[in-house]
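Containing PDB, C-alpha atoms and all ligand atoms: protein_16.pdb.
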ATOM      1  CA  MET A   1       0.000   0.000   0.000
ATOM      2  CA  PRO A   2       1.591   3.334  -1.065
ATOM      3  CA  VAL A   3       2.041   5.276   2.162
ATOM      4  CA  ARG A   4       4.683   8.013   2.282
ATOM      5  CA  GLU A   5       5.560  11.191   4.123
ATOM      6  CA  MET A   6       3.393  14.181   3.315
ATOM      7  CA  THR A   7       5.093  16.987   1.360
ATOM      8  CA  ASP A   8       4.074  20.651   1.238
ATOM      9  CA  ALA A   9       2.633  19.956  -2.215
ATOM     10  CA  ASP A  10       0.237  17.379  -0.675
ATOM     11  CA  VAL A  11      -1.143  19.832   1.875
ATOM     12  CA  PRO A  12      -4.042  21.270  -0.210
ATOM     13  CA  ALA A  13      -5.279  17.751  -1.056
ATOM     14  CA  ALA A  14      -4.914  16.563   2.546
ATOM     15  CA  VAL A  15      -6.798  19.612   3.825
ATOM     16  CA  SER A  16      -9.634  19.080   1.314
ATOM     17  CA  LEU A  17      -9.831  15.503   2.558
ATOM     18  CA  HIS A  18      -9.904  16.672   6.167
ATOM     19  CA  LEU A  19     -12.785  19.069   5.487
ATOM     20  CA  ALA A  20     -14.718  16.474   3.502
ATOM     21  CA  VAL A  21     -14.226  13.499   5.852
ATOM     22  CA  LEU A  22     -14.366  15.248   9.231
ATOM     23  CA  PRO A  23     -16.569  18.307   8.621
ATOM     24  CA  MET A  24     -17.912  18.267  12.190
ATOM     25  CA  GLU A  25     -14.494  18.215  13.847
ATOM     26  CA  PHE A  26     -13.333  21.268  15.815
ATOM     27  CA  LEU A  27     -10.340  22.024  13.568
ATOM     28  CA  SER A  28     -12.510  21.935  10.458
ATOM     29  CA  ARG A  29     -14.466  24.876  11.823
ATOM     30  CA  PHE A  30     -11.397  27.094  11.353
ATOM     31  CA  GLY A  31     -11.635  26.611   7.600
ATOM     32  CA  GLU A  32      -9.278  25.883   4.747
ATOM     33  CA  ARG A  33      -6.809  28.733   5.224
ATOM     34  CA  PHE A  34      -6.123  27.889   8.857
ATOM     35  CA  LEU A  35      -5.971  24.154   8.190
ATOM     36  CA  ARG A  36      -3.374  24.603   5.437
ATOM     37  CA  THR A  37      -1.183  26.631   7.782
ATOM     38  CA  TYR A  38      -1.760  24.019  10.500
ATOM     39  CA  TYR A  39      -0.810  21.083   8.272
ATOM     40  CA  ARG A  40       2.310  22.880   6.980
ATOM     41  CA  ALA A  41       3.325  23.767  10.528
ATOM     42  CA  TRP A  42       2.686  20.207  11.707
ATOM     43  CA  ARG A  43       4.824  18.902   8.846
ATOM     44  CA  ARG A  44       7.721  21.302   9.379
ATOM     45  CA  ALA A  45       8.120  20.620  13.089
ATOM     46  CA  PRO A  46      10.507  17.789  14.081
ATOM     47  CA  GLY A  47       9.048  14.790  15.903
ATOM     48  CA  GLY A  48       5.888  14.784  13.776
ATOM     49  CA  LEU A  49       4.211  11.901  12.035
ATOM     50  CA  VAL A  50       2.682  13.157   8.792
ATOM     51  CA  LEU A  51       1.714  10.580   6.215
ATOM     52  CA  VAL A  52      -0.384  10.271   3.085
ATOM     53  CA  ALA A  53      -1.768   7.245   1.253
ATOM     54  CA  GLU A  54      -1.876   7.557  -2.520
ATOM     55  CA  VAL A  55      -3.974   5.694  -5.053
ATOM     56  CA  ASP A  56      -3.287   6.288  -8.760
ATOM     57  CA  GLY A  57      -1.184   9.318  -7.902
ATOM     58  CA  ARG A  58      -3.939  10.956  -5.826
ATOM     59  CA  VAL A  59      -3.908  11.560  -2.099
ATOM     60  CA  ARG A  60      -6.751   9.434  -0.708
ATOM     61  CA  GLY A  61      -5.743   9.202   2.918
ATOM     62  CA  ALA A  62      -3.768  11.118   5.519
ATOM     63  CA  LEU A  63      -2.515  10.633   9.056
ATOM     64  CA  LEU A  64      -1.271  13.237  11.536
ATOM     65  CA  GLY A  65       0.491  12.427  14.762
ATOM     66  CA  ALA A  66       3.794  12.793  16.561
ATOM     67  CA  THR A  67       6.452  10.346  17.683
ATOM     68  CA  SER A  68       7.601  12.928  20.204
ATOM     69  CA  PRO A  69       4.559  15.106  20.987
ATOM     70  CA  GLY A  70       6.312  17.449  23.462
ATOM     71  CA  VAL A  71       9.183  18.238  21.106
ATOM     72  CA  HIS A  72       6.805  18.541  18.185
ATOM     73  CA  THR A  73       4.327  20.932  19.817
ATOM     74  CA  ARG A  74       7.118  23.201  21.074
ATOM     75  CA  ALA A  75       8.745  23.363  17.655
ATOM     76  CA  MET A  76       5.407  23.981  15.984
ATOM     77  CA  VAL A  77       4.584  26.892  18.276
ATOM     78  CA  ARG A  78       8.111  28.305  18.014
ATOM     79  CA  GLN A  79       8.302  28.070  14.221
ATOM     80  CA  ASP A  80       4.745  28.816  13.197
ATOM     81  CA  GLY A  81       2.936  30.118  16.282
ATOM     82  CA  TRP A  82       2.444  33.609  14.874
ATOM     83  CA  ARG A  83       1.195  32.340  11.518
ATOM     84  CA  LEU A  84      -1.246  30.011  13.290
ATOM     85  CA  ALA A  85      -2.422  32.810  15.572
ATOM     86  CA  ARG A  86      -2.941  35.137  12.593
ATOM     87  CA  ASP A  87      -5.046  32.592  10.699
ATOM     88  CA  LEU A  88      -6.957  31.701  13.856
ATOM     89  CA  LEU A  89      -7.886  35.362  14.338
ATOM     90  CA  ILE A  90      -8.947  35.632  10.694
ATOM     91  CA  ALA A  91     -11.180  32.550  11.150
ATOM     92  CA  MET A  92     -12.621  33.957  14.388
ATOM     93  CA  ALA A  93     -13.323  37.328  12.779
ATOM     94  CA  GLY A  94     -15.550  35.586  10.248
ATOM     95  CA  ASP A  95     -17.384  33.304  12.677
ATOM     96  CA  ARG A  96     -18.743  34.619  15.966
ATOM     97  CA  ALA A  97     -19.848  31.240  17.309
ATOM     98  CA  LEU A  98     -16.370  29.840  16.700
ATOM     99  CA  ALA A  99     -14.796  32.858  18.411
ATOM    100  CA  ARG A 100     -17.026  32.358  21.452
ATOM    101  CA  ASP A 101     -16.307  28.606  21.694
ATOM    102  CA  LEU A 102     -12.582  29.216  21.407
ATOM    103  CA  LEU A 103     -12.560  31.881  24.068
ATOM    104  CA  VAL A 104     -14.477  29.644  26.470
ATOM    105  CA  THR A 105     -12.527  26.426  25.901
ATOM    106  CA  ARG A 106      -9.010  27.210  24.709
ATOM    107  CA  ALA A 107      -8.111  30.874  25.145
ATOM    108  CA  ARG A 108      -5.927  30.343  28.231
ATOM    109  CA  ARG A 109      -3.937  27.507  26.698
ATOM    110  CA  TYR A 110      -3.344  29.320  23.388
ATOM    111  CA  ALA A 111      -2.474  32.576  25.160
ATOM    112  CA  GLY A 112       0.074  30.683  27.307
ATOM    113  CA  GLY A 113       1.720  29.291  24.178
ATOM    114  CA  LEU A 114       1.913  32.710  22.561
ATOM    115  CA  TYR A 115       3.225  34.280  25.753
ATOM    116  CA  ARG A 116       6.068  31.754  25.863
ATOM    117  CA  LEU A 117       6.679  32.379  22.186
ATOM    118  CA  ALA A 118       6.864  36.138  22.736
ATOM    119  CA  ARG A 119       9.294  35.608  25.625
ATOM    120  CA  ARG A 120      11.229  33.114  23.510
ATOM    121  CA  ARG A 121      10.899  30.570  26.280
ATOM    122  CA  SER A 122      10.438  26.933  25.518
ATOM    123  CA  GLY A 123       8.004  26.092  28.307
ATOM    124  CA  PRO A 124       8.381  23.473  31.038
ATOM    125  CA  PRO A 125      10.948  20.762  30.273
ATOM    126  CA  VAL A 126       9.708  17.572  28.654
ATOM    127  CA  ALA A 127       9.423  14.998  31.453
ATOM    128  CA  ALA A 128      11.925  12.147  31.269
ATOM    129  CA  GLY A 129      10.478   8.631  31.162
ATOM    130  CA  PRO A 130       8.622   6.544  28.622
ATOM    131  CA  VAL A 131       8.096   8.269  25.288
ATOM    132  CA  VAL A 132       4.505   8.004  24.196
ATOM    133  CA  GLY A 133       3.731   9.068  20.654
ATOM    134  CA  GLU A 134       0.281   9.988  19.446
ATOM    135  CA  VAL A 135      -1.969   9.745  16.437
ATOM    136  CA  THR A 136      -4.314  12.710  16.176
ATOM    137  CA  HIS A 137      -6.047  12.210  12.819
ATOM    138  CA  VAL A 138      -6.593   9.352  10.387
ATOM    139  CA  LEU A 139      -8.631  10.235   7.312
ATOM    140  CA  VAL A 140      -9.569   8.196   4.273
ATOM    141  CA  ASP A 141     -11.570   9.557   1.343
ATOM    142  CA  THR A 142     -15.137   8.231   1.622
ATOM    143  CA  ALA A 143     -14.910   6.643  -1.831
ATOM    144  CA  ALA A 144     -11.697   4.826  -0.875
ATOM    145  CA  GLN A 145     -12.745   3.532   2.546
ATOM    146  CA  GLY A 146     -12.784  -0.193   3.282
ATOM    147  CA  LYS A 147      -9.827  -0.919   0.986
ATOM    148  CA  GLY A 148      -7.023  -1.072   3.507
ATOM    149  CA  LEU A 149      -5.749   2.528   3.292
ATOM    150  CA  GLY A 150      -6.568   3.314   6.928
ATOM    151  CA  ARG A 151      -4.804   0.148   8.067
ATOM    152  CA  ALA A 152      -1.750   0.979   5.924
ATOM    153  CA  LEU A 153      -1.538   4.493   7.397
ATOM    154  CA  VAL A 154      -1.829   3.286  10.987
ATOM    155  CA  GLU A 155       0.688   0.468  10.425
ATOM    156  CA  ALA A 156       3.149   2.995   8.952
ATOM    157  CA  ALA A 157       2.638   5.176  12.038
ATOM    158  CA  ILE A 158       3.322   2.180  14.289
ATOM    159  CA  ALA A 159       6.522   1.405  12.349
ATOM    160  CA  ALA A 160       7.624   5.049  12.611
ATOM    161  CA  GLY A 161       6.886   5.079  16.348
ATOM    162  CA  ARG A 162       9.012   1.964  16.821
ATOM    163  CA  GLU A 163      11.829   3.400  14.756
ATOM    164  CA  ALA A 164      11.744   6.592  16.816
ATOM    165  CA  GLY A 165      12.057   4.509  20.012
ATOM    166  CA  ASP A 166       8.567   5.217  21.370
ATOM    167  CA  ASP A 167       7.188   2.922  24.074
ATOM    168  CA  ALA A 168       3.612   3.257  22.881
ATOM    169  CA  LEU A 169       1.258   5.267  20.702
ATOM    170  CA  VAL A 170      -2.002   6.705  22.000
ATOM    171  CA  LEU A 171      -5.028   8.291  20.375
ATOM    172  CA  VAL A 172      -8.490   9.478  21.224
ATOM    173  CA  THR A 173     -11.631   9.147  19.143
ATOM    174  CA  PRO A 174     -15.222  10.263  19.740
ATOM    175  CA  PRO A 175     -17.425   7.348  20.858
ATOM    176  CA  ASP A 176     -19.985   8.143  18.174
ATOM    177  CA  LEU A 177     -17.531   7.614  15.314
ATOM    178  CA  ALA A 178     -17.299   4.203  13.662
ATOM    179  CA  ALA A 179     -13.518   4.637  13.928
ATOM    180  CA  GLN A 180     -13.523   2.889  17.300
ATOM    181  CA  HIS A 181     -14.286  -0.424  15.565
ATOM    182  CA  PHE A 182     -11.437   0.272  13.179
ATOM    183  CA  TYR A 183      -8.966   0.717  16.063
ATOM    184  CA  ASP A 184     -10.357  -2.357  17.854
ATOM    185  CA  ARG A 185      -9.776  -4.332  14.669
ATOM    186  CA  LEU A 186      -6.212  -3.063  14.349
ATOM    187  CA  GLY A 187      -5.349  -4.309  17.832
ATOM    188  CA  TRP A 188      -5.392  -1.036  19.794
ATOM    189  CA  ARG A 189      -6.313  -1.383  23.465
ATOM    190  CA  ARG A 190      -9.160   0.678  24.896
ATOM    191  CA  GLU A 191      -7.952   2.500  27.982
ATOM    192  CA  GLY A 192     -11.130   4.294  29.004
ATOM    193  CA  GLU A 193     -12.732   7.667  28.450
ATOM    194  CA  MET A 194     -11.592  11.245  28.858
ATOM    195  CA  ALA A 195     -13.323  14.618  28.598
ATOM    196  CA  SER A 196     -11.778  17.415  26.528
ATOM    197  CA  ARG A 197     -11.518  21.021  27.721
ATOM    198  CA  SER A 198     -14.712  21.745  25.846
ATOM    199  CA  GLY A 199     -16.544  18.892  27.593
ATOM    200  CA  GLU A 200     -16.697  16.384  24.730
ATOM    201  CA  VAL A 201     -16.118  12.758  25.723
ATOM    202  CA  PHE A 202     -13.481  10.716  23.892
ATOM    203  CA  LEU A 203     -12.391   7.078  23.999
ATOM    204  CA  ARG A 204      -8.693   6.627  24.730
ATOM    205  CA  TYR A 205      -6.727   3.972  22.882
ATOM    206  CA  ARG A 206      -3.162   2.714  23.311
ATOM    207  CA  TYR A 207      -0.851   0.559  21.218
ATOM    208  CA  ASP A 208       2.214  -0.765  23.053
ATOM    209  CA  LEU A 209       5.350  -0.856  20.946
ATOM    210  CA  ARG A 210       7.539  -2.833  23.351
TER
HETATM  211  C1  LIG B 301     -11.793   5.067  10.150
HETATM  212  C2  LIG B 301     -11.103   5.094   8.777
HETATM  213  C3  LIG B 301      -9.788   5.854   8.889
HETATM  214  C4  LIG B 301     -10.816   3.638   8.365
HETATM  215  O1  LIG B 301     -10.104   3.627   7.126
HETATM  216  P1  LIG B 301     -10.395   2.522   6.013
HETATM  217  O2  LIG B 301      -9.395   2.692   4.932
HETATM  218  O3  LIG B 301     -11.818   2.582   5.641
HETATM  219  O4  LIG B 301     -10.137   1.181   6.849
HETATM  220  P2  LIG B 301      -9.451  -0.178   6.298
HETATM  221  O5  LIG B 301     -10.068  -0.536   5.009
HETATM  222  O6  LIG B 301      -7.972  -0.033   6.330
HETATM  223  O7  LIG B 301      -9.906  -1.190   7.429
HETATM  224  C5  LIG B 301      -8.997  -1.843   8.302
HETATM  225  C6  LIG B 301      -9.758  -2.843   9.140
HETATM  226  O8  LIG B 301     -10.669  -2.151  10.013
HETATM  227  C7  LIG B 301     -11.993  -2.613   9.781
HETATM  228  N1  LIG B 301     -12.890  -1.455   9.823
HETATM  229  C8  LIG B 301     -12.737  -0.273   9.199
HETATM  230  N2  LIG B 301     -13.776   0.546   9.477
HETATM  231  C9  LIG B 301     -14.599  -0.178  10.273
HETATM  232  C10 LIG B 301     -15.859   0.087  10.883
HETATM  233  N3  LIG B 301     -16.463   1.258  10.719
HETATM  234  N4  LIG B 301     -16.430  -0.873  11.644
HETATM  235  C11 LIG B 301     -15.820  -2.066  11.815
HETATM  236  N5  LIG B 301     -14.608  -2.387  11.256
HETATM  237  C12 LIG B 301     -14.021  -1.448  10.498
HETATM  238  C13 LIG B 301     -11.976  -3.198   8.384
HETATM  239  O9  LIG B 301     -12.979  -4.180   8.227
HETATM  240  C14 LIG B 301     -10.583  -3.766   8.284
HETATM  241  O10 LIG B 301     -10.513  -5.023   8.871
HETATM  242  P3  LIG B 301      -9.695  -6.219   8.116
HETATM  243  O11 LIG B 301      -8.414  -5.578   7.616
HETATM  244  O12 LIG B 301      -9.464  -7.211   9.166
HETATM  245  O13 LIG B 301     -10.579  -6.628   7.000
HETATM  246  C15 LIG B 301     -11.994   5.710   7.682
HETATM  247  O14 LIG B 301     -13.215   5.031   7.665
HETATM  248  C16 LIG B 301     -12.275   7.187   7.880
HETATM  249  O15 LIG B 301     -11.526   8.020   7.388
HETATM  250  N6  LIG B 301     -13.376   7.507   8.594
HETATM  251  C17 LIG B 301     -13.781   8.893   8.794
HETATM  252  C18 LIG B 301     -12.780   9.681   9.616
HETATM  253  C19 LIG B 301     -12.548   9.099  10.979
HETATM  254  O16 LIG B 301     -13.458   8.700  11.673
HETATM  255  N7  LIG B 301     -11.258   9.074  11.375
HETATM  256  C20 LIG B 301     -10.847   8.550  12.669
HETATM  257  C21 LIG B 301     -10.868   9.585  13.749
HETATM  258  S1  LIG B 301      -9.690  10.869  13.466
END
Here is a file; write its structure as structure tokens.
Ligand SMILES: CC(C)(COP(=O)(O)OP(=O)(O)OC[C@H]1O[C@@H](n2cnc3c(N)ncnc32)[C@H](O)[C@@H]1OP(=O)(O)O)[C@@H](O)C(=O)NCCC(=O)NCCS
Amino acid sequence: MPVREMTDADVPAAVSLHLAVLPMEFLSRFGERFLRTYYRAWRRAPGGLVLVAEVDGRVRGALLGATSPGVHTRAMVRQDGWRLARDLLIAMAGDRALARDLLVTRARRYAGGLYRLARRRSGPPVAAGPVVGEVTHVLVDTAAQGKGLGRALVEAAIAAGREAGDDALVLVTPPDLAAQHFYDRLGWRREGEMASRSGEVFLRYRYDLR
């Protein structure tokens, strides 16, 4: 199955896929401009896991994650924090409901990141101990689902996590998405539930690499 690292040239196709496959997801509400900046920033930062699955030369699937989430998030904020903040503000200016939800659920966290960026500080040190990577998004074009692309993307992420020396990979998925059956099928272990800052409930999954 043709899975490879995402390039900058793949970003528009991956973002279109994101908006089409996960239109109800929080990030999708920020729109295409923000998502393109987000994907490019995610890709540029070290420690990321950014894959696409191609069929007949077209991007039909994508996976975002990080083998080293702490390192990756810091680098992403340091390198692209201002660009992300700019596009976030543009998205908020055009959507009052989004602006309100963001202020209620995430303003403090985002402001903290920007404050550290402005002070050129890198934030609290990454805790020593087991390295747990994460998968944040797996997307397969509706017309290409059920053909093994999702499995190929997740298996490539598992291989990359192993190569990077991770102890495990984790992910969360909403309980109402059929994706939970997909992760069950791929051998991920259900660890329980967690609530996000905005109160949504997610199922937590883990895949041990050692
Ligand atoms: C979930 C998703 C990534 C799966 O990708 P896919 O390419 O359709 O899945 P695959 O064809 O690789 O399936 C792999 C295995 O999981 C099983 N599976 C996939 N979706 C399933 C479902 N909804 N219910 C039960 N089993 C499922 C398949 O039967 C297959 O099993 P097998 O290999 O033993 O035959 C895809 O359906 C998708 O993009 N969904 C919408 C977005 C989403 O929910 N993403 C996850 C949260 S970010």
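Restricting the calculation to all atoms listed in the file, the smallest distance between ligand LIG 301 (chain B) and any of A:Trp188, A:Phe182, A:Phe202, A:Phe30 is found for A:Phe182.
Nearest-residue note for A:Asp95: choosing from A:Gly146, A:Gly65, A:Gly192, A:Gly31, the minimum distance belongs to A:Gly31, counting only C-alpha atoms.
Pairwise distance (atom CA of A:Arg190, atom CA of A:Leu177) equals 14.5 Å.
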Every residue with an atom at most 10 Å from (-13.5, 8.5, 14.8) (file coordinates; only C-alpha atoms) is what I'm after, so could you write them as a PDB file with C-alpha atoms, in the coordinates of the input?
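Final output, point29.pdb:
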ATOM      1  CA  LEU A  22     -14.366  15.248   9.231  1.00  0.00           C
ATOM      2  CA  GLU A  25     -14.494  18.215  13.847  1.00  0.00           C
ATOM      3  CA  HIS A 137      -6.047  12.210  12.819  1.00  0.00           C
ATOM      4  CA  VAL A 138      -6.593   9.352  10.387  1.00  0.00           C
ATOM      5  CA  LEU A 139      -8.631  10.235   7.312  1.00  0.00           C
ATOM      6  CA  VAL A 172      -8.490   9.478  21.224  1.00  0.00           C
ATOM      7  CA  THR A 173     -11.631   9.147  19.143  1.00  0.00           C
ATOM      8  CA  PRO A 174     -15.222  10.263  19.740  1.00  0.00           C
ATOM      9  CA  PRO A 175     -17.425   7.348  20.858  1.00  0.00           C
ATOM     10  CA  ASP A 176     -19.985   8.143  18.174  1.00  0.00           C
ATOM     11  CA  LEU A 177     -17.531   7.614  15.314  1.00  0.00           C
ATOM     12  CA  ALA A 178     -17.299   4.203  13.662  1.00  0.00           C
ATOM     13  CA  ALA A 179     -13.518   4.637  13.928  1.00  0.00           C
ATOM     14  CA  GLN A 180     -13.523   2.889  17.300  1.00  0.00           C
ATOM     15  CA  HIS A 181     -14.286  -0.424  15.565  1.00  0.00           C
ATOM     16  CA  PHE A 182     -11.437   0.272  13.179  1.00  0.00           C
ATOM     17  CA  TYR A 183      -8.966   0.717  16.063  1.00  0.00           C
ATOM     18  CA  PHE A 202     -13.481  10.716  23.892  1.00  0.00           C
ATOM     19  CA  LEU A 203     -12.391   7.078  23.999  1.00  0.00           C
TER      20      LEU A 203
END
Padded axis-aligned box of ligand LIG 301 (chain B) (6 Å per side), centre and edge lengths, Å, one decimal, as lines of an AutoDock Vina configuration file:
center_x = -12.2
center_y = 1.8
center_z = 9.3
size_x = 20.5
size_y = 30.1
size_z = 20.8
Practice item. Can you work out which one of A:Leu27, A:Pro12, A:Val3, A:Arg162 has the shortest atom-to-atom distance to A:Ala91, counting all atoms listed in the file? Key: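 Residue with the minimum atom-to-atom distance to A:Ala91: A:Leu27.
Selection result for the displayed file, with the PyMOL selection byres (((chain A and resi 40-49) around 8) and not hetatm) as criterion, is Met6, Thr7, Asp8, Val11, Arg36, Thr37, Tyr38, Tyr39, Val50, Leu51, Leu63, Leu64, Gly65, Ala66, Thr67, Ser68, Pro69, Val71, His72, Thr73, Ala75, Met76, Gln79, Asp80, Val135, Ala157 and Ala160 of chain A.
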Exercise for review: Point out the residue among A:Val154, A:Val52, A:Leu35, A:Leu84 with the least atom-to-atom distance to ligand LIG 301 (chain B), counting all atoms listed in the file.
Suggested key: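 Comparing A:Val154, A:Val52, A:Leu35, A:Leu84 against ligand LIG 301 (chain B), the winner is A:Val154.
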Review point. Which is closer to ligand LIG 301 (chain B) than all the others in A:Leu171, A:Val15, A:Leu149, A:Leu88, using all atoms listed in the file?
Key: A:Leu149
Expanded to explicit residues, what is the PyMOL selection byres (((chain A and resi 130) around 10) and not hetatm) for this file, as a PDB file with C-alpha atoms, in the coordinates of the input?
ATOM      1  CA  ALA A 127       9.423  14.998  31.453  1.00  0.00           C
ATOM      2  CA  ALA A 128      11.925  12.147  31.269  1.00  0.00           C
ATOM      3  CA  GLY A 129      10.478   8.631  31.162  1.00  0.00           C
ATOM      4  CA  VAL A 131       8.096   8.269  25.288  1.00  0.00           C
ATOM      5  CA  VAL A 132       4.505   8.004  24.196  1.00  0.00           C
ATOM      6  CA  GLY A 133       3.731   9.068  20.654  1.00  0.00           C
ATOM      7  CA  GLY A 165      12.057   4.509  20.012  1.00  0.00           C
ATOM      8  CA  ASP A 166       8.567   5.217  21.370  1.00  0.00           C
ATOM      9  CA  ASP A 167       7.188   2.922  24.074  1.00  0.00           C
ATOM     10  CA  ALA A 168       3.612   3.257  22.881  1.00  0.00           C
TER      11      ALA A 168
END
**Study point:** Using only C-alpha atoms and all ligand atoms: which of A:Ala159, A:Leu102, A:Leu209, A:Leu17 has the shortest distance to ligand LIG 301 (chain B)
**Key:** A:Leu17
Review point. By how many Å are atom C5 of ligand LIG 301 (chain B) and atom CA of A:Glu200 apart?
Key: 25.7 Å
Check your understanding: If you measure from atom CA of A:Gly199 to atom CA of A:Ala99, what distance in Å do you get, rounded to one decimal?
Key ->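 Interatomic distance here is 16.8 Å.
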Point to revise | Given the PyMOL selection byres (((chain A and resi 206) around 6) and not hetatm), the residues it picks as a ChimeraX atom specification | key: /A:169-170,188-189,205,207
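All protein, DNA and RNA residues at most 10 Å from (-0.4, 32.4, 15.4) are Phe34, Thr37, Tyr38, Val77, Arg78, Gln79, Asp80, Gly81, Trp82, Arg83, Leu84, Ala85, Arg86, Asp87, Leu88, Leu89, Tyr110, Ala111, Gly113, Leu114 and Leu117 of chain A, using all atoms listed in the file.
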